[in-house]
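Visitor: Have a peek at final.cif (mmCIF, C-alpha atoms).
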data_run
loop_
_atom_site.label_atom_id
_atom_site.label_comp_id
_atom_site.auth_asym_id
_atom_site.auth_seq_id
_atom_site.Cartn_x
_atom_site.Cartn_y
_atom_site.Cartn_z
CA MET A 121 18.50 10.52 19.46
CA LYS A 122 17.47 8.56 16.36
CA GLU A 123 13.80 7.89 15.72
CA TRP A 124 11.89 6.37 12.84
CA TYR A 125 10.17 8.73 10.39
CA VAL A 126 7.99 8.14 7.33
CA LEU A 127 9.32 9.69 4.13
CA ARG A 128 7.19 10.40 1.09
CA SER A 129 9.04 9.68 -2.15
CA LYS A 130 8.40 10.53 -5.74
CA PRO A 131 6.40 7.75 -7.47
CA LYS A 132 8.42 4.54 -7.81
CA ARG A 133 11.50 6.17 -6.25
CA GLU A 134 11.36 4.58 -2.77
CA HIS A 135 14.37 2.33 -3.40
CA PHE A 136 16.43 5.02 -5.11
CA ALA A 137 15.93 7.57 -2.32
CA GLY A 138 16.41 4.86 0.31
CA ALA A 139 19.70 3.81 -1.27
CA LEU A 140 20.97 7.40 -1.16
CA LEU A 141 20.10 7.68 2.53
CA THR A 142 21.69 4.30 3.24
CA ARG A 143 24.91 5.49 1.55
CA ALA A 144 24.80 8.48 3.90
CA GLY A 145 24.91 6.06 6.84
CA LEU A 146 21.21 6.03 7.78
CA GLU A 147 19.07 2.99 8.47
CA VAL A 148 16.26 2.73 5.91
CA TYR A 149 13.34 0.31 5.67
CA VAL A 150 11.26 -0.08 2.50
CA PRO A 151 8.57 -2.68 3.31
CA GLN A 152 7.96 -5.00 0.37
CA VAL A 153 5.50 -7.74 -0.45
CA LYS A 154 5.38 -10.38 -3.17
CA ALA A 155 2.66 -9.74 -5.70
CA LEU A 156 1.50 -11.73 -8.71
CA ARG A 157 1.10 -9.67 -11.86
CA ALA A 158 -0.06 -12.52 -14.08
CA PRO A 159 -0.79 -16.16 -13.26
CA SER A 160 1.94 -17.43 -15.59
CA ARG A 161 4.68 -15.13 -14.28
CA PRO A 162 6.71 -15.39 -11.07
CA PRO A 163 5.83 -13.05 -8.19
CA VAL A 164 7.60 -9.69 -7.99
CA LEU A 165 8.52 -7.60 -4.96
CA GLU A 166 6.57 -4.37 -4.72
CA PRO A 167 6.51 -1.66 -2.07
CA PHE A 168 3.86 -2.40 0.54
CA PHE A 169 3.29 1.36 0.90
CA PRO A 170 3.82 2.79 -2.60
CA SER A 171 5.73 6.13 -2.47
CA TYR A 172 6.46 5.79 1.26
CA PHE A 173 9.35 4.33 3.25
CA PHE A 174 10.90 4.61 6.70
CA ALA A 175 14.24 6.04 7.83
CA GLN A 176 15.82 6.28 11.25
CA LEU A 177 16.86 9.93 11.66
CA ASP A 178 18.40 12.12 14.36
CA PRO A 179 16.81 15.59 14.20
CA MET A 180 19.57 17.08 16.38
CA ALA A 181 22.24 15.97 13.86
CA GLY A 182 20.46 17.62 10.92
CA GLU A 183 19.36 14.32 9.42
CA LEU A 184 15.74 15.46 8.99
CA ARG A 185 16.93 18.34 6.83
CA MET A 186 19.26 16.05 4.87
CA ALA A 187 16.41 13.56 4.28
CA ASN A 188 14.10 16.35 3.07
CA TYR A 189 16.69 17.42 0.47
CA THR A 190 17.63 13.93 -0.72
CA THR A 191 16.93 13.27 -4.41
CA GLY A 192 13.70 11.30 -4.74
CA VAL A 193 12.28 12.39 -1.37
CA LEU A 194 9.34 14.79 -1.45
CA TYR A 195 9.09 15.36 2.32
CA VAL A 196 9.21 13.82 5.77
CA VAL A 197 5.63 13.04 6.82
CA GLY A 198 4.34 15.00 9.76
CA TYR A 199 1.50 17.02 11.18
CA GLY A 200 1.13 20.79 11.19
CA GLY A 201 4.37 21.25 9.31
CA GLN A 202 6.34 19.28 11.91
CA PRO A 203 7.82 15.85 11.12
CA MET A 204 6.34 13.24 13.44
CA PRO A 205 8.33 10.18 14.58
CA VAL A 206 6.87 6.69 14.32
CA PRO A 207 7.20 4.38 17.35
CA GLY A 208 9.78 1.65 16.81
CA THR A 209 7.16 -0.93 17.77
CA VAL A 210 5.20 -0.05 14.62
CA ILE A 211 8.24 -0.75 12.44
CA GLU A 212 8.83 -4.04 14.29
CA ARG A 213 5.22 -5.14 13.73
CA ILE A 214 5.36 -4.33 10.03
CA ARG A 215 8.60 -6.31 9.71
CA GLU A 216 7.11 -9.26 11.61
CA ARG A 217 3.99 -9.39 9.49
CA LEU A 218 5.82 -9.08 6.18
CA ALA A 219 8.52 -11.57 7.22
CA HIS A 220 6.08 -14.43 6.73
CA GLY A 221 6.30 -13.84 2.99
CA HIS A 222 2.63 -13.20 2.37
CA LEU A 223 1.73 -13.34 -1.28
CA ILE A 224 -0.91 -10.98 -2.55
CA ALA A 225 -2.42 -12.63 -5.56
CA PRO A 226 -5.07 -11.05 -7.74
CA THR A 227 -8.17 -13.16 -7.35
CA TYR A 228 -10.48 -10.85 -9.25
CA ARG A 229 -10.44 -9.92 -12.90
CA ALA A 230 -11.62 -6.70 -14.53
CA GLY A 231 -15.33 -6.90 -15.33
CA GLU A 232 -16.05 -9.62 -12.77
CA ALA A 233 -19.16 -9.28 -10.57
CA VAL A 234 -18.34 -8.81 -6.86
CA LYS A 235 -20.19 -8.03 -3.66
CA VAL A 236 -18.95 -5.75 -0.87
CA THR A 237 -18.96 -7.65 2.44
CA SER A 238 -18.13 -4.94 4.99
CA GLY A 239 -18.00 -1.21 5.53
CA PRO A 240 -20.53 1.42 4.53
CA LEU A 241 -21.17 -0.26 1.17
CA SER A 242 -21.79 -3.69 2.66
CA GLY A 243 -24.19 -5.70 0.51
CA VAL A 244 -23.68 -3.59 -2.62
CA GLU A 245 -23.08 -5.48 -5.86
CA ALA A 246 -20.38 -4.03 -8.09
CA VAL A 247 -18.04 -4.69 -10.99
CA PHE A 248 -14.36 -5.24 -10.27
CA ASP A 249 -12.17 -2.70 -12.07
CA SER A 250 -8.52 -3.08 -11.01
CA HIS A 251 -5.89 -3.81 -8.37
CA LEU A 252 -4.30 -0.56 -7.20
CA SER A 253 -1.50 -1.67 -4.89
CA ALA A 254 0.36 -4.61 -3.47
CA SER A 255 -1.13 -3.80 -0.08
CA GLY A 256 -4.56 -4.90 -1.31
CA ARG A 257 -6.26 -1.69 -2.44
CA VAL A 258 -8.67 -2.24 -5.34
CA ARG A 259 -11.10 -0.21 -7.42
CA ILE A 260 -14.65 -1.34 -8.05
CA LEU A 261 -17.43 0.30 -10.03
CA ILE A 262 -20.85 0.71 -8.45
CA ASN A 263 -24.02 1.74 -10.24
CA MET A 264 -25.17 5.02 -8.72
CA LEU A 265 -27.63 7.44 -10.31
CA GLU A 266 -27.53 5.64 -13.66
CA ARG A 267 -23.74 5.76 -13.98
CA LEU A 268 -20.76 3.68 -12.86
CA CYS A 269 -18.86 5.37 -10.05
CA PRO A 270 -15.37 4.23 -9.01
CA VAL A 271 -14.81 3.31 -5.36
CA GLU A 272 -11.52 2.30 -3.74
CA LEU A 273 -11.45 -0.20 -0.90
CA SER A 274 -9.55 -3.16 0.50
CA VAL A 275 -9.64 -6.45 -1.39
CA GLY A 276 -10.64 -8.08 1.91
CA GLN A 277 -13.98 -6.29 1.72
CA LEU A 278 -15.00 -8.17 -1.44
CA ARG A 279 -16.22 -11.60 -2.38
CA HIS A 280 -17.10 -13.14 -5.71
CA LEU A 281 -20.75 -12.67 -6.58
CA ASP A 282 -22.43 -16.02 -6.99
CA THR A 283 -24.10 -15.71 -10.37
CA SER A 284 -25.06 -19.35 -10.77
CA PRO A 285 -28.80 -19.99 -11.25
CA ARG A 286 -30.68 -21.25 -8.23
CA PHE A 287 -33.59 -23.64 -8.51
CA ALA A 288 -36.37 -24.00 -6.01
CA ALA A 289 -36.69 -27.49 -4.61
#
Could you rewrite the structure in this file as structure tokens?

Guide:
Amino acid sequence: MKEWYVLRSKPKREHFAGALLTRAGLEVYVPQVKALRAPSRPPVLEPFFPSYFFAQLDPMAGELRMANYTTGVLYVVGYGGQPMPVPGTVIERIRERLAHGHLIAPTYRAGEAVKVTSGPLSGVEAVFDSHLSASGRVRILINMLERLCPVELSVGQLRHLDTSPRFAA
């Protein structure tokens, strides 16, 4: 019986490995999202989960083994050395959410002052460093023990730091 599995690919090889598995007759899903690289350029499609994609495999037909040995695939994701299937409802939800054509646009620039709005670092002021993925992971730099330390978090946990002067009335 076929089930969905997560496959880890070599960096930037999701589509290549997926195409090989598709040619072998397997159903493959590489979630993608539109991302802006520069304001003056058109959006590009990028993997929503860099270096990961999904394939529907039948373990009884040897498809797990075939997937593991496909060029570009590092391994089938699992737990305790055993590949673990992903419920089909998870794949459906990812497809539904990405079908709306969400556009992830960089709204922060390197060196810009930001404030963390949620999580353990809530309220901390930081400096924006870079966008890490199309799924919204970013790197900020926080001042800790007299040095800038990099921290990765979701872009949704940030807001622009209001640096305009305030006057008492």

Visitor: Could you list, as a compact mmCIF listing (two decimals) with C-alpha atoms, in the coordinates of the input, every residue within 12 Å of Cys269 of chain A, counting all atoms listed in the file and ignoring same-chain residues fewer than 4 positions away?

Guide:
# COMPACT_ATOMS: atom_id res chain seq x y z
CA ALA A 246 -20.38 -4.03 -8.09
CA VAL A 247 -18.04 -4.69 -10.99
CA PHE A 248 -14.36 -5.24 -10.27
CA ASP A 249 -12.17 -2.70 -12.07
CA ARG A 259 -11.10 -0.21 -7.42
CA ILE A 260 -14.65 -1.34 -8.05
CA LEU A 261 -17.43 0.30 -10.03
CA ILE A 262 -20.85 0.71 -8.45
CA ASN A 263 -24.02 1.74 -10.24
CA MET A 264 -25.17 5.02 -8.72
CA LEU A 265 -27.63 7.44 -10.31

Visitor: Using only C-alpha atoms, which residue out of A:Arg279, A:Lys132, A:Arg257, A:Arg229 lies closest to Gly243 of chain A?

Guide: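 So, comparing all the options, the nearest one is A:Arg279.
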
Visitor: To test your reading of the syntax: which residues would the PyMOL selection byres ((chain A and resi 172-187) around 12) return for the file shown? Reply as a JSON list (two decimals) with C-alpha atoms, in the coordinates of the input.

Guide:
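This went into expr-v9.json:
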[["chain", "number", "residue", "atom", "x", "y", "z"],
["A", 121, "MET", "CA", 18.50, 10.52, 19.46],
["A", 122, "LYS", "CA", 17.47, 8.56, 16.36],
["A", 123, "GLU", "CA", 13.80, 7.89, 15.72],
["A", 124, "TRP", "CA", 11.89, 6.37, 12.84],
["A", 125, "TYR", "CA", 10.17, 8.73, 10.39],
["A", 126, "VAL", "CA", 7.99, 8.14, 7.33],
["A", 127, "LEU", "CA", 9.32, 9.69, 4.13],
["A", 128, "ARG", "CA", 7.19, 10.40, 1.09],
["A", 129, "SER", "CA", 9.04, 9.68, -2.15],
["A", 130, "LYS", "CA", 8.40, 10.53, -5.74],
["A", 131, "PRO", "CA", 6.40, 7.75, -7.47],
["A", 132, "LYS", "CA", 8.42, 4.54, -7.81],
["A", 133, "ARG", "CA", 11.50, 6.17, -6.25],
["A", 134, "GLU", "CA", 11.36, 4.58, -2.77],
["A", 135, "HIS", "CA", 14.37, 2.33, -3.40],
["A", 136, "PHE", "CA", 16.43, 5.02, -5.11],
["A", 137, "ALA", "CA", 15.93, 7.57, -2.32],
["A", 138, "GLY", "CA", 16.41, 4.86, 0.31],
["A", 139, "ALA", "CA", 19.70, 3.81, -1.27],
["A", 140, "LEU", "CA", 20.97, 7.40, -1.16],
["A", 141, "LEU", "CA", 20.10, 7.68, 2.53],
["A", 142, "THR", "CA", 21.69, 4.30, 3.24],
["A", 144, "ALA", "CA", 24.80, 8.48, 3.90],
["A", 145, "GLY", "CA", 24.91, 6.06, 6.84],
["A", 146, "LEU", "CA", 21.21, 6.03, 7.78],
["A", 147, "GLU", "CA", 19.07, 2.99, 8.47],
["A", 148, "VAL", "CA", 16.26, 2.73, 5.91],
["A", 149, "TYR", "CA", 13.34, 0.31, 5.67],
["A", 150, "VAL", "CA", 11.26, -0.08, 2.50],
["A", 151, "PRO", "CA", 8.57, -2.68, 3.31],
["A", 152, "GLN", "CA", 7.96, -5.00, 0.37],
["A", 166, "GLU", "CA", 6.57, -4.37, -4.72],
["A", 167, "PRO", "CA", 6.51, -1.66, -2.07],
["A", 168, "PHE", "CA", 3.86, -2.40, 0.54],
["A", 169, "PHE", "CA", 3.29, 1.36, 0.90],
["A", 170, "PRO", "CA", 3.82, 2.79, -2.60],
["A", 171, "SER", "CA", 5.73, 6.13, -2.47],
["A", 188, "ASN", "CA", 14.10, 16.35, 3.07],
["A", 189, "TYR", "CA", 16.69, 17.42, 0.47],
["A", 190, "THR", "CA", 17.63, 13.93, -0.72],
["A", 191, "THR", "CA", 16.93, 13.27, -4.41],
["A", 192, "GLY", "CA", 13.70, 11.30, -4.74],
["A", 193, "VAL", "CA", 12.28, 12.39, -1.37],
["A", 194, "LEU", "CA", 9.34, 14.79, -1.45],
["A", 195, "TYR", "CA", 9.09, 15.36, 2.32],
["A", 196, "VAL", "CA", 9.21, 13.82, 5.77],
["A", 197, "VAL", "CA", 5.63, 13.04, 6.82],
["A", 198, "GLY", "CA", 4.34, 15.00, 9.76],
["A", 202, "GLN", "CA", 6.34, 19.28, 11.91],
["A", 203, "PRO", "CA", 7.82, 15.85, 11.12],
["A", 204, "MET", "CA", 6.34, 13.24, 13.44],
["A", 205, "PRO", "CA", 8.33, 10.18, 14.58],
["A", 206, "VAL", "CA", 6.87, 6.69, 14.32],
["A", 207, "PRO", "CA", 7.20, 4.38, 17.35],
["A", 208, "GLY", "CA", 9.78, 1.65, 16.81],
["A", 210, "VAL", "CA", 5.20, -0.05, 14.62],
["A", 211, "ILE", "CA", 8.24, -0.75, 12.44],
["A", 212, "GLU", "CA", 8.83, -4.04, 14.29],
["A", 214, "ILE", "CA", 5.36, -4.33, 10.03],
["A", 215, "ARG", "CA", 8.60, -6.31, 9.71]]

Visitor: Could you state the separation of atom CA of Val275 of chain A and atom CA of Val244 of chain A in Å, given to one decimal place?

Guide: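 About the pair atom CA of Val275 of chain A and atom CA of Val244 of chain A: they are 14.4 Å apart.
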
Visitor: In Å, with one decimal, what is the gap from atom CA of Ala230 of chain A to atom CA of Pro270 of chain A?

Guide: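 If I compute the distance from atom CA of Ala230 of chain A to atom CA of Pro270 of chain A, I get 12.8 Å.
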
Visitor: Would you mind reading off the distance between atom CA of Ser253 of chain A and atom CA of Glu272 of chain A, one decimal, in Å?

Guide: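 Going from atom CA of Ser253 of chain A over to atom CA of Glu272 of chain A covers 10.8 Å.
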
Visitor: From the set A:Gly201, A:Ala219, A:Ser250, A:Arg267, which residue has the shortest atom-to-atom contact distance to Lys154 of chain A, counting only C-alpha atoms?

Guide: A:Ala219

Visitor: Can you report as JSON the centre and edge lengths in Å, to one decimal, of an axis-aligned box around the listed atoms of segment 236-253 of chain A padded with 5 Å on each side?

Guide:
{"center_x": -12.8, "center_y": -3.1, "center_z": -3.3, "size_x": 32.7, "size_y": 19.1, "size_z": 27.6}

Visitor: Taking the file as shown, what set of residues would the PyMOL selection byres ((chain A and resi 237) around 6) give back, as a ChimeraX atom specification?

Guide: /A:236,238,242-243,277-278

Visitor: Need the shell around His280 of chain A: protein/DNA/RNA residues with any atom at most 8 Å away, counting only C-alpha atoms. Skip same-chain ones fewer than 5 positions apart. Format as a list of chain:residue names?

Guide: A:Tyr228, A:Glu232, A:Ala233, A:Val234, A:Lys235

Visitor: Given the selection you just returned, output its residues as a file containing C-alpha atoms, formatted as a compact mmCIF listing (two decimals), in the coordinates of the input.

Guide:
# COMPACT_ATOMS: atom_id res chain seq x y z
CA TYR A 228 -10.48 -10.85 -9.25
CA GLU A 232 -16.05 -9.62 -12.77
CA ALA A 233 -19.16 -9.28 -10.57
CA VAL A 234 -18.34 -8.81 -6.86
CA LYS A 235 -20.19 -8.03 -3.66
